[in-house]
>>> print(open('structure01.txt').read())   # compact mmCIF, C-alpha atoms and all ligand atoms
# COMPACT_ATOMS: atom_id res chain seq x y z
CA MET B 1 53.96 130.69 55.82
CA THR B 2 57.15 128.84 55.03
CA THR B 3 60.61 130.20 55.64
CA VAL B 4 62.95 129.58 52.70
CA ALA B 5 66.51 130.54 51.79
CA ALA B 6 67.15 133.33 49.29
CA TYR B 7 69.72 135.80 48.05
CA ALA B 8 68.61 139.39 48.56
CA ALA B 9 69.82 142.96 48.21
CA PRO B 10 69.14 144.34 51.73
CA ALA B 11 69.08 147.93 50.43
CA ALA B 12 69.53 149.77 47.12
CA LYS B 13 73.03 149.26 45.72
CA ALA B 14 74.04 146.94 48.61
CA PRO B 15 75.65 143.65 47.60
CA LEU B 16 73.32 140.65 47.58
CA GLU B 17 73.62 138.31 50.54
CA ARG B 18 72.09 135.09 51.79
CA THR B 19 68.95 135.54 53.87
CA THR B 20 65.58 133.94 54.48
CA ILE B 21 62.14 135.03 53.26
CA GLU B 22 58.56 133.91 53.88
CA ARG B 23 56.58 132.24 51.12
CA ARG B 24 52.78 132.21 51.41
CA PRO B 25 50.97 128.94 52.20
CA VAL B 26 50.02 126.91 49.10
CA GLY B 27 46.50 128.13 48.28
CA GLU B 28 43.70 126.34 46.45
CA PHE B 29 45.06 127.13 42.96
CA ASP B 30 48.74 127.42 43.88
CA ILE B 31 51.71 125.23 43.16
CA LEU B 32 54.89 125.07 45.23
CA ILE B 33 57.98 125.01 43.03
CA ASP B 34 61.37 123.69 44.12
CA ILE B 35 63.47 126.17 42.19
CA LYS B 36 66.45 124.52 40.50
CA PHE B 37 67.89 127.34 38.40
CA ALA B 38 67.45 131.12 38.15
CA GLY B 39 68.83 133.24 35.32
CA ILE B 40 70.38 136.67 35.88
CA CYS B 41 68.69 139.31 33.73
CA HIS B 42 70.15 142.77 33.19
CA SER B 43 66.98 144.23 34.72
CA ASP B 44 67.73 142.38 37.99
CA ILE B 45 70.81 144.55 38.32
CA HIS B 46 68.92 147.75 37.46
CA GLN B 47 66.34 147.02 40.11
CA ALA B 48 68.67 145.72 42.84
CA ARG B 49 70.70 148.88 42.36
CA ASP B 50 67.53 150.95 42.21
CA GLY B 51 68.32 152.38 38.79
CA TRP B 52 64.60 152.73 38.05
CA GLY B 53 63.69 154.13 41.50
CA GLU B 54 60.96 152.96 43.92
CA GLY B 55 62.60 149.63 44.71
CA ILE B 56 61.17 147.47 47.52
CA PHE B 57 63.94 146.22 49.83
CA PRO B 58 65.06 143.71 50.83
CA MET B 59 64.78 142.59 47.19
CA VAL B 60 65.09 139.02 45.92
CA PRO B 61 65.57 139.40 42.16
CA GLY B 62 65.06 136.69 39.56
CA HIS B 63 62.40 136.26 36.87
CA GLU B 64 63.95 133.46 34.85
CA ILE B 65 62.91 130.55 37.03
CA ALA B 66 63.02 126.82 36.28
CA GLY B 67 62.12 124.11 38.77
CA VAL B 68 59.96 121.16 39.72
CA VAL B 69 56.49 121.14 41.30
CA SER B 70 56.66 119.72 44.84
CA GLU B 71 53.13 120.45 46.11
CA VAL B 72 49.80 121.42 44.55
CA GLY B 73 46.71 123.07 46.03
CA PRO B 74 43.39 121.16 46.01
CA GLY B 75 41.99 123.14 43.04
CA VAL B 76 45.03 122.74 40.77
CA THR B 77 44.28 120.99 37.48
CA LYS B 78 47.21 121.83 35.19
CA TYR B 79 50.15 120.50 37.17
CA ALA B 80 51.09 117.54 39.34
CA VAL B 81 53.95 116.92 41.75
CA GLY B 82 57.11 116.21 39.75
CA ASP B 83 56.20 118.38 36.73
CA ARG B 84 58.94 120.62 35.32
CA VAL B 85 57.80 124.22 35.27
CA GLY B 86 58.98 127.76 34.70
CA VAL B 87 57.96 131.20 35.92
CA GLY B 88 58.88 134.40 34.09
CA CYS B 89 58.46 138.10 34.71
CA PHE B 90 54.99 138.15 36.29
CA VAL B 91 53.04 136.06 38.79
CA ASP B 92 49.55 137.54 38.49
CA SER B 93 47.38 140.03 36.57
CA CYS B 94 43.75 141.20 36.73
CA ARG B 95 42.54 138.20 34.67
CA GLU B 96 39.53 140.10 33.26
CA CYS B 97 40.71 142.98 31.07
CA GLU B 98 40.75 142.66 27.27
CA TYR B 99 44.47 141.88 27.29
CA CYS B 100 44.32 139.24 30.02
CA GLU B 101 41.42 137.65 28.13
CA GLN B 102 43.64 137.38 25.04
CA GLY B 103 46.54 135.89 26.98
CA LEU B 104 48.48 139.14 26.76
CA GLU B 105 48.87 139.38 30.53
CA GLN B 106 52.08 141.37 30.15
CA TYR B 107 49.94 144.27 28.88
CA CYS B 108 47.23 143.89 31.58
CA ALA B 109 45.25 147.14 31.74
CA LYS B 110 45.52 147.15 35.53
CA GLY B 111 49.18 146.19 35.46
CA MET B 112 50.66 142.74 35.88
CA THR B 113 52.12 141.70 39.22
CA ALA B 114 55.87 141.46 38.69
CA THR B 115 57.65 138.36 39.98
CA TYR B 116 59.71 140.51 42.34
CA ASN B 117 59.93 144.13 43.44
CA ALA B 118 56.12 144.46 43.35
CA LEU B 119 53.22 144.14 45.77
CA ASP B 120 51.04 141.06 45.45
CA LYS B 121 47.23 141.20 45.73
CA ASP B 122 47.58 140.45 49.46
CA GLY B 123 49.75 143.56 49.82
CA GLU B 124 52.92 141.57 50.52
CA PRO B 125 56.07 142.15 48.46
CA THR B 126 56.84 139.60 45.76
CA TYR B 127 60.20 137.84 45.89
CA GLY B 128 61.87 136.37 42.81
CA GLY B 129 63.84 133.35 41.78
CA TYR B 130 67.14 133.72 43.65
CA SER B 131 65.58 131.42 46.21
CA THR B 132 64.94 127.75 46.86
CA HIS B 133 61.15 127.78 46.61
CA LEU B 134 58.31 129.78 45.08
CA VAL B 135 54.53 129.62 45.49
CA VAL B 136 52.60 130.71 42.41
CA ASP B 137 49.09 130.43 40.97
CA GLU B 138 49.08 127.59 38.44
CA ASN B 139 47.85 129.96 35.70
CA TYR B 140 51.09 131.93 35.88
CA ALA B 141 53.46 128.99 35.45
CA VAL B 142 54.42 127.29 32.18
CA ARG B 143 55.46 123.73 31.43
CA ILE B 144 59.09 123.06 30.51
CA PRO B 145 59.11 120.27 27.89
CA GLU B 146 61.13 117.12 28.63
CA GLY B 147 63.62 117.77 25.84
CA LEU B 148 64.83 121.00 27.41
CA ALA B 149 67.31 120.91 30.33
CA LEU B 150 66.19 123.13 33.20
CA ASP B 151 69.41 125.16 33.40
CA VAL B 152 69.34 126.28 29.76
CA ALA B 153 65.55 126.70 29.91
CA ALA B 154 65.63 129.25 32.76
CA PRO B 155 66.78 132.24 30.64
CA LEU B 156 64.05 131.53 28.09
CA LEU B 157 61.49 132.79 30.62
CA CYS B 158 62.62 136.39 30.07
CA ALA B 159 65.33 136.60 27.40
CA GLY B 160 63.73 133.93 25.21
CA ILE B 161 60.19 135.26 25.22
CA THR B 162 61.36 138.88 24.91
CA LEU B 163 62.72 137.99 21.46
CA TYR B 164 60.23 135.31 20.44
CA SER B 165 57.21 137.57 20.84
CA PRO B 166 58.28 140.39 18.46
CA LEU B 167 59.78 137.93 15.97
CA ARG B 168 56.41 136.16 15.78
CA HIS B 169 54.33 139.34 15.87
CA TRP B 170 56.27 140.87 12.96
CA ASN B 171 56.27 137.57 11.06
CA ALA B 172 59.93 136.57 11.01
CA GLY B 173 60.13 133.46 8.84
CA PRO B 174 61.11 132.12 5.42
CA GLY B 175 61.76 134.87 2.87
CA LYS B 176 62.18 137.53 5.57
CA LYS B 177 65.42 139.36 6.28
CA VAL B 178 65.80 139.96 9.99
CA ALA B 179 68.54 141.83 11.83
CA ILE B 180 69.27 141.48 15.52
CA VAL B 181 71.11 144.44 17.07
CA GLY B 182 73.44 143.37 19.88
CA LEU B 183 74.65 139.84 20.66
CA GLY B 184 74.19 139.56 24.42
CA GLY B 185 71.76 137.62 26.60
CA LEU B 186 68.77 138.86 24.59
CA GLY B 187 70.42 139.05 21.17
CA HIS B 188 71.78 135.52 21.16
CA MET B 189 68.27 134.21 21.77
CA GLY B 190 67.01 136.43 18.95
CA VAL B 191 69.49 134.89 16.53
CA LYS B 192 68.64 131.32 17.53
CA ILE B 193 64.88 131.89 17.37
CA ALA B 194 64.85 133.91 14.14
CA ALA B 195 67.04 131.28 12.45
CA ALA B 196 64.80 128.45 13.70
CA LEU B 197 61.77 130.35 12.34
CA GLY B 198 63.43 130.22 8.93
CA ALA B 199 64.38 133.88 8.49
CA GLU B 200 67.64 135.07 6.93
CA VAL B 201 69.40 136.46 9.99
CA THR B 202 71.99 139.22 10.28
CA VAL B 203 73.72 140.25 13.49
CA LEU B 204 74.53 143.94 13.86
CA SER B 205 77.08 144.20 16.64
CA GLN B 206 79.53 146.92 17.62
CA SER B 207 82.52 144.81 16.57
CA LEU B 208 83.19 141.43 15.00
CA SER B 209 84.48 139.95 18.29
CA LYS B 210 81.56 137.54 18.70
CA GLN B 211 81.18 136.72 15.00
CA ASP B 212 82.02 133.02 15.35
CA ASP B 213 79.39 132.63 18.06
CA GLY B 214 76.77 134.53 16.07
CA LEU B 215 77.24 132.31 13.03
CA LYS B 216 77.18 129.20 15.25
CA PHE B 217 73.84 130.34 16.73
CA GLY B 218 72.39 130.42 13.22
CA ALA B 219 73.12 133.88 11.80
CA ASP B 220 73.76 134.06 8.05
CA HIS B 221 75.61 137.38 8.17
CA TYR B 222 77.47 139.43 10.74
CA TYR B 223 78.33 143.12 10.50
CA ALA B 224 80.14 145.60 12.74
CA THR B 225 78.10 148.74 13.38
CA GLY B 226 81.32 150.51 14.34
CA ASP B 227 82.22 150.42 10.63
CA PRO B 228 80.37 153.19 8.73
CA LYS B 229 80.49 151.12 5.51
CA THR B 230 78.01 148.72 7.13
CA PHE B 231 75.22 151.30 6.92
CA GLN B 232 75.93 152.04 3.25
CA GLU B 233 76.14 148.39 2.31
CA LEU B 234 72.95 147.34 4.14
CA ALA B 235 70.72 150.31 3.24
CA GLY B 236 67.15 149.17 2.49
CA THR B 237 67.86 145.51 3.34
CA PHE B 238 65.70 144.34 6.24
CA ASP B 239 62.04 143.54 6.78
CA LEU B 240 62.54 143.60 10.53
CA ILE B 241 65.21 144.85 12.92
CA VAL B 242 65.00 143.95 16.60
CA SER B 243 67.23 146.06 18.83
CA THR B 244 68.29 144.52 22.14
CA VAL B 245 70.69 147.26 23.17
CA SER B 246 70.08 149.77 25.94
CA ALA B 247 72.62 152.28 24.66
CA PRO B 248 70.99 155.16 22.71
CA LEU B 249 70.71 154.21 19.02
CA ASP B 250 70.94 156.51 16.03
CA PHE B 251 67.38 155.65 14.96
CA GLY B 252 67.71 157.42 11.64
CA ALA B 253 70.69 155.27 10.70
CA TYR B 254 68.99 152.01 11.70
CA LEU B 255 65.69 152.93 10.03
CA SER B 256 67.63 153.50 6.80
CA LEU B 257 68.45 149.78 6.84
CA LEU B 258 64.77 148.84 6.55
CA LYS B 259 62.84 148.11 3.39
CA THR B 260 59.63 150.01 2.76
CA ASP B 261 57.06 148.83 5.34
CA GLY B 262 59.84 147.48 7.54
CA ALA B 263 59.78 147.70 11.33
CA LEU B 264 62.42 148.55 13.91
CA VAL B 265 61.38 147.03 17.22
CA ASN B 266 63.02 147.89 20.52
CA VAL B 267 63.18 145.43 23.38
CA GLY B 268 66.06 147.25 25.05
CA ALA B 269 65.73 150.92 25.93
CA PRO B 270 68.08 153.69 26.99
CA GLU B 271 67.19 155.40 30.27
CA GLU B 272 67.17 158.84 28.62
CA PRO B 273 64.55 160.03 26.09
CA VAL B 274 65.67 160.05 22.46
CA SER B 275 65.07 162.54 19.69
CA MET B 276 64.81 161.70 16.02
CA ASN B 277 63.77 163.08 12.67
CA LEU B 278 60.40 161.57 11.67
CA PHE B 279 61.22 161.82 7.97
CA SER B 280 63.16 158.59 8.49
CA LEU B 281 59.77 156.91 9.12
CA ILE B 282 57.72 158.74 6.51
CA GLY B 283 59.98 157.96 3.56
CA GLY B 284 59.37 154.22 3.50
CA ARG B 285 56.17 153.92 5.57
CA LYS B 286 58.29 152.49 8.33
CA THR B 287 57.36 151.51 11.86
CA LEU B 288 59.29 152.22 15.04
CA ALA B 289 57.90 149.97 17.76
CA GLY B 290 58.50 148.33 21.12
CA SER B 291 57.63 144.96 22.63
CA ALA B 292 57.56 143.59 26.19
CA ILE B 293 58.13 139.91 27.06
CA GLY B 294 55.07 137.78 26.17
CA GLY B 295 51.88 136.40 27.71
CA ILE B 296 51.47 132.96 29.25
CA PRO B 297 50.17 131.18 26.10
CA GLU B 298 52.96 132.62 23.95
CA THR B 299 55.59 131.80 26.58
CA GLN B 300 54.41 128.18 26.51
CA GLU B 301 54.50 128.22 22.70
CA MET B 302 58.09 129.57 22.84
CA LEU B 303 59.24 126.82 25.23
CA ASP B 304 57.66 124.15 23.03
CA PHE B 305 59.29 125.73 19.96
CA CYS B 306 62.76 125.79 21.56
CA ALA B 307 62.39 122.15 22.71
CA GLU B 308 61.24 121.10 19.24
CA HIS B 309 64.26 122.79 17.66
CA GLY B 310 66.60 121.46 20.32
CA PHE B 311 68.03 124.62 21.84
CA GLY B 312 68.05 126.61 25.04
CA ALA B 313 70.16 129.58 26.11
CA GLU B 314 73.96 129.61 26.21
CA ILE B 315 74.77 129.82 29.90
CA GLU B 316 77.49 130.10 32.51
CA LEU B 317 76.31 128.24 35.60
CA ILE B 318 77.36 129.87 38.88
CA ARG B 319 77.04 129.30 42.61
CA ALA B 320 74.84 131.73 44.53
CA GLU B 321 77.77 133.38 46.31
CA GLN B 322 79.16 134.43 42.90
CA VAL B 323 76.12 136.59 42.15
CA ASN B 324 77.71 139.96 42.98
CA GLU B 325 80.71 139.15 40.83
CA ALA B 326 78.35 138.01 38.06
CA TYR B 327 76.53 141.38 38.22
CA GLU B 328 79.82 143.18 37.61
CA ARG B 329 80.58 140.91 34.68
CA VAL B 330 77.13 141.48 33.14
CA LEU B 331 77.67 145.23 33.37
CA ALA B 332 81.03 144.76 31.62
CA SER B 333 79.32 142.60 28.90
CA ASP B 334 81.60 139.77 30.04
CA VAL B 335 79.20 136.83 29.89
CA ARG B 336 78.59 134.24 27.19
CA TYR B 337 75.61 134.63 27.23
CA ARG B 338 73.56 134.35 30.41
CA PHE B 339 74.53 133.64 34.02
CA VAL B 340 72.34 131.05 35.70
CA ILE B 341 72.40 130.45 39.46
CA ASP B 342 72.34 126.85 40.65
CA THR B 343 69.88 127.43 43.46
CA ALA B 344 71.04 124.30 45.31
CA THR B 345 73.98 126.50 46.37
CA ILE B 346 71.81 129.12 48.13
ZN ZN Q 401 64.42 139.98 32.43
ZN ZN Q 402 44.30 142.33 32.98
>>> encode(input="structure01.txt", output="structure tokens")
Amino acid sequence: MTTVAAYAAPAAKAPLERTTIERRPVGEFDILIDIKFAGICHSDIHQARDGWGEGIFPMVPGHEIAGVVSEVGPGVTKYAVGDRVGVGCFVDSCRECEYCEQGLEQYCAKGMTATYNALDKDGEPTYGGYSTHLVVDENYAVRIPEGLALDVAAPLLCAGITLYSPLRHWNAGPGKKVAIVGLGGLGHMGVKIAAALGAEVTVLSQSLSKQDDGLKFGADHYYATGDPKTFQELAGTFDLIVSTVSAPLDFGAYLSLLKTDGALVNVGAPEEPVSMNLFSLIGGRKTLAGSAIGGIPETQEMLDFCAEHGFGAEIELIRAEQVNEAYERVLASDVRYRFVIDTATI
């Protein structure tokens, strides 16, 4: 075991503070990562504040991890010391179910092992990226291409893949009209990726306050959903709508913006159940769907794609002691567009 520095919530809703945690010894197929940067995801805040219940405390959040390999186990074949790597939302899975076999580890039939706030196969709690070091099986890391700086790469490991996977699955590309609902940490990645895939991209945001940014990220159009005329004007327009918001949506209204055979995919979700009239699906053979992050092969594909197209996330780099303040600002939607912790300051 190695003792390393970390930022942890000692109990539900308690502010995060500096502490130390134990990392397991580097096993045969493990790599030791010197973490350089860790993104702050909205779900870190939910879990540190125990919004979803059943939290394991102390909790070290962080599943947008970018760093450099500093040690490898004797059986490791994919990575060498000095390689730039990332770790996202999970650090293990069963490796033998039909989903793991297809590289869809995020849908593992036995459940993936989350990067933090979960129990590892050895029964020990997992601790995330707000830390200086991480030990992980080489099969659950991805390579960060040289062209991508580590700080702007970190948020791709959750926010980036959360948008890339549905955009690819529902075939965003040339000739397709795609709308992204919400321009936050997730939405801004959706705009960049959908534009780079060649789709015609529209942002649907509550107001026009971030319009300049949206167009700079590659959107072709920008509409305020607070304006009822938007829904009349855009009726029957889109092949695909990806919603990143966690506020309850009027699904009927958004489904009316789809073409026949269009899909409305949710990657954000309200905590409360929703009710809707299914005629809004039946009329145009429409699909209401969801999507969760992506598997290891697709996460690698996404990183390579972003490097090839020369973009990462838009970030505000912070010191570790600013994390509690950053949480408040995320909750107030006051971040352009992702906070990233410089882990050298832990
Ligand atoms: Zn996340
Ligand atoms: Zn599995």
>>> closest_residue(input="structure01.txt", among="B:Arg95, B:Lys121, B:Lys177, B:Lys13", to="ligand ZN 402 (chain Q)", atoms="all atoms listed in the file")
B:Arg95
>>> residues_around(input="structure01.txt", residues="region 56-69 of chain B", least_positions_apart="2", cutoff="6 Å", atoms="only C-alpha atoms", output="PyMOL selection string")
chain B and resi 8-11+32-39+44+71+81-89+116-117+127-130+150+154-155+157-158
>>> write_last_selection(input="structure01.txt", atoms="C-alpha atoms", output="short mmCIF file (atom, residue, chain, number, x, y, z; two decimals), keeping the file's coordinate frame")
data_model
loop_
_atom_site.label_atom_id
_atom_site.label_comp_id
_atom_site.auth_asym_id
_atom_site.auth_seq_id
_atom_site.Cartn_x
_atom_site.Cartn_y
_atom_site.Cartn_z
CA ALA B 8 68.61 139.39 48.56
CA ALA B 9 69.82 142.96 48.21
CA PRO B 10 69.14 144.34 51.73
CA ALA B 11 69.08 147.93 50.43
CA LEU B 32 54.89 125.07 45.23
CA ILE B 33 57.98 125.01 43.03
CA ASP B 34 61.37 123.69 44.12
CA ILE B 35 63.47 126.17 42.19
CA LYS B 36 66.45 124.52 40.50
CA PHE B 37 67.89 127.34 38.40
CA ALA B 38 67.45 131.12 38.15
CA GLY B 39 68.83 133.24 35.32
CA ASP B 44 67.73 142.38 37.99
CA GLU B 71 53.13 120.45 46.11
CA VAL B 81 53.95 116.92 41.75
CA GLY B 82 57.11 116.21 39.75
CA ASP B 83 56.20 118.38 36.73
CA ARG B 84 58.94 120.62 35.32
CA VAL B 85 57.80 124.22 35.27
CA GLY B 86 58.98 127.76 34.70
CA VAL B 87 57.96 131.20 35.92
CA GLY B 88 58.88 134.40 34.09
CA CYS B 89 58.46 138.10 34.71
CA TYR B 116 59.71 140.51 42.34
CA ASN B 117 59.93 144.13 43.44
CA TYR B 127 60.20 137.84 45.89
CA GLY B 128 61.87 136.37 42.81
CA GLY B 129 63.84 133.35 41.78
CA TYR B 130 67.14 133.72 43.65
CA LEU B 150 66.19 123.13 33.20
CA ALA B 154 65.63 129.25 32.76
CA PRO B 155 66.78 132.24 30.64
CA LEU B 157 61.49 132.79 30.62
CA CYS B 158 62.62 136.39 30.07
#
>>> closest_residue(input="structure01.txt", among="B:Glu124, B:Gly27, B:Asp137, B:Asp50", to="Tyr79 (chain B)", atoms="only C-alpha atoms")
B:Asp137
>>> residues_near_point(input="structure01.txt", point="(70.7, 132.9, 15.1)", cutoff="7 Å", atoms="all atoms listed in the file", output="VMD selection string")
chain B and resid 188 190 to 195 201 214 to 215 217 to 219
>>> residues_near_ligand(input="structure01.txt", ligand="ligand ZN 402 (chain Q)", cutoff="12 Å", atoms="only C-alpha atoms and all ligand atoms", output="JSON, numbers by chain")
{"B": [90, 92, 93, 94, 95, 96, 97, 98, 99, 100, 101, 102, 103, 104, 105, 106, 107, 108, 109, 110, 111, 112, 113, 295]}
>>> closest_residue(input="structure01.txt", among="B:Ala5, B:Ala292, B:Ala247, B:Val152", to="ligand ZN 401 (chain Q)", atoms="all atoms listed in the file")
B:Ala292
>>> closest_residue(input="structure01.txt", among="B:Ala320, B:Val330, B:Val274, B:Ala159", to="ligand ZN 401 (chain Q)", atoms="only C-alpha atoms and all ligand atoms")
B:Ala159
>>> closest_residue(input="structure01.txt", among="B:Asp227, B:Glu298, B:Asp239, B:Asp261", to="Ser165 (chain B)", atoms="only C-alpha atoms")
B:Glu298
>>> residues_around(input="structure01.txt", residues="Phe29 (chain B)", least_positions_apart="3", cutoff="7 Å", atoms="only C-alpha atoms", output="list in words")
Gly73, Pro74, Gly75, Val76, Asp137 and Glu138 of chain B
>>> residues_near_point(input="structure01.txt", point="(66.5, 120.7, 21.4)", cutoff="10 Å", atoms="only C-alpha atoms", output="list in words")
Pro145, Glu146, Gly147, Leu148, Ala149, Asp304, Phe305, Cys306, Ala307, Glu308, His309, Gly310, Phe311 and Gly312 of chain B
>>> closest_residue(input="structure01.txt", among="B:Ser70, B:Thr162, B:Thr237, B:Thr3", to="ligand ZN 401 (chain Q)", atoms="only C-alpha atoms and all ligand atoms")
B:Thr162
>>> residues_around(input="structure01.txt", residues="Pro270 (chain B)", least_positions_apart="4", cutoff="12 Å", atoms="all atoms listed in the file", output="list of chain:residue names")
B:Gly51, B:Trp52, B:Ser243, B:Thr244, B:Val245, B:Ser246, B:Ala247, B:Pro248, B:Leu249, B:Asp250, B:Asn266, B:Val274, B:Ser275
>>> residues_around(input="structure01.txt", residues="Gly173 (chain B)", least_positions_apart="3", cutoff="7 Å", atoms="all atoms listed in the file", output="number ranges by chain")
B: 176, 197-199
>>> atom_distance(input="structure01.txt", atom1="CA of Tyr337 (chain B)", atom2="CA of Gly185 (chain B)")
4.9 Å
>>> decode(input="structure01.txt", residues="region 162-192 of chain B", atoms="C-alpha atoms", output="CSV table (one decimal), in the first residue's frame")
chain,number,residue,atom,x,y,z
B,162,THR,CA,-21.0,11.1,-22.6
B,163,LEU,CA,-21.8,13.2,-25.7
B,164,TYR,CA,-19.6,11.4,-28.3
B,165,SER,CA,-21.2,8.0,-27.7
B,166,PRO,CA,-24.9,9.0,-28.4
B,167,LEU,CA,-23.8,11.3,-31.3
B,168,ARG,CA,-22.0,8.3,-32.9
B,169,HIS,CA,-24.7,5.8,-32.1
B,170,TRP,CA,-27.5,7.9,-33.6
B,171,ASN,CA,-25.3,8.8,-36.6
B,172,ALA,CA,-24.7,12.5,-36.2
B,173,GLY,CA,-22.8,13.6,-39.4
B,174,PRO,CA,-23.1,15.3,-42.7
B,175,GLY,CA,-26.7,15.9,-43.7
B,176,LYS,CA,-28.0,15.5,-40.2
B,177,LYS,CA,-29.6,18.2,-38.1
B,178,VAL,CA,-28.6,17.8,-34.5
B,179,ALA,CA,-29.7,19.9,-31.5
B,180,ILE,CA,-27.9,20.0,-28.2
B,181,VAL,CA,-30.1,21.1,-25.2
B,182,GLY,CA,-28.1,23.0,-22.6
B,183,LEU,CA,-24.7,24.6,-23.1
B,184,GLY,CA,-22.8,23.6,-19.9
B,185,GLY,CA,-20.0,21.2,-19.3
B,186,LEU,CA,-21.7,18.4,-21.3
B,187,GLY,CA,-23.4,20.6,-23.9
B,188,HIS,CA,-20.4,22.5,-25.0
B,189,MET,CA,-18.6,19.2,-25.7
B,190,GLY,CA,-21.7,18.0,-27.6
B,191,VAL,CA,-21.6,21.1,-29.8
B,192,LYS,CA,-17.8,20.7,-30.6
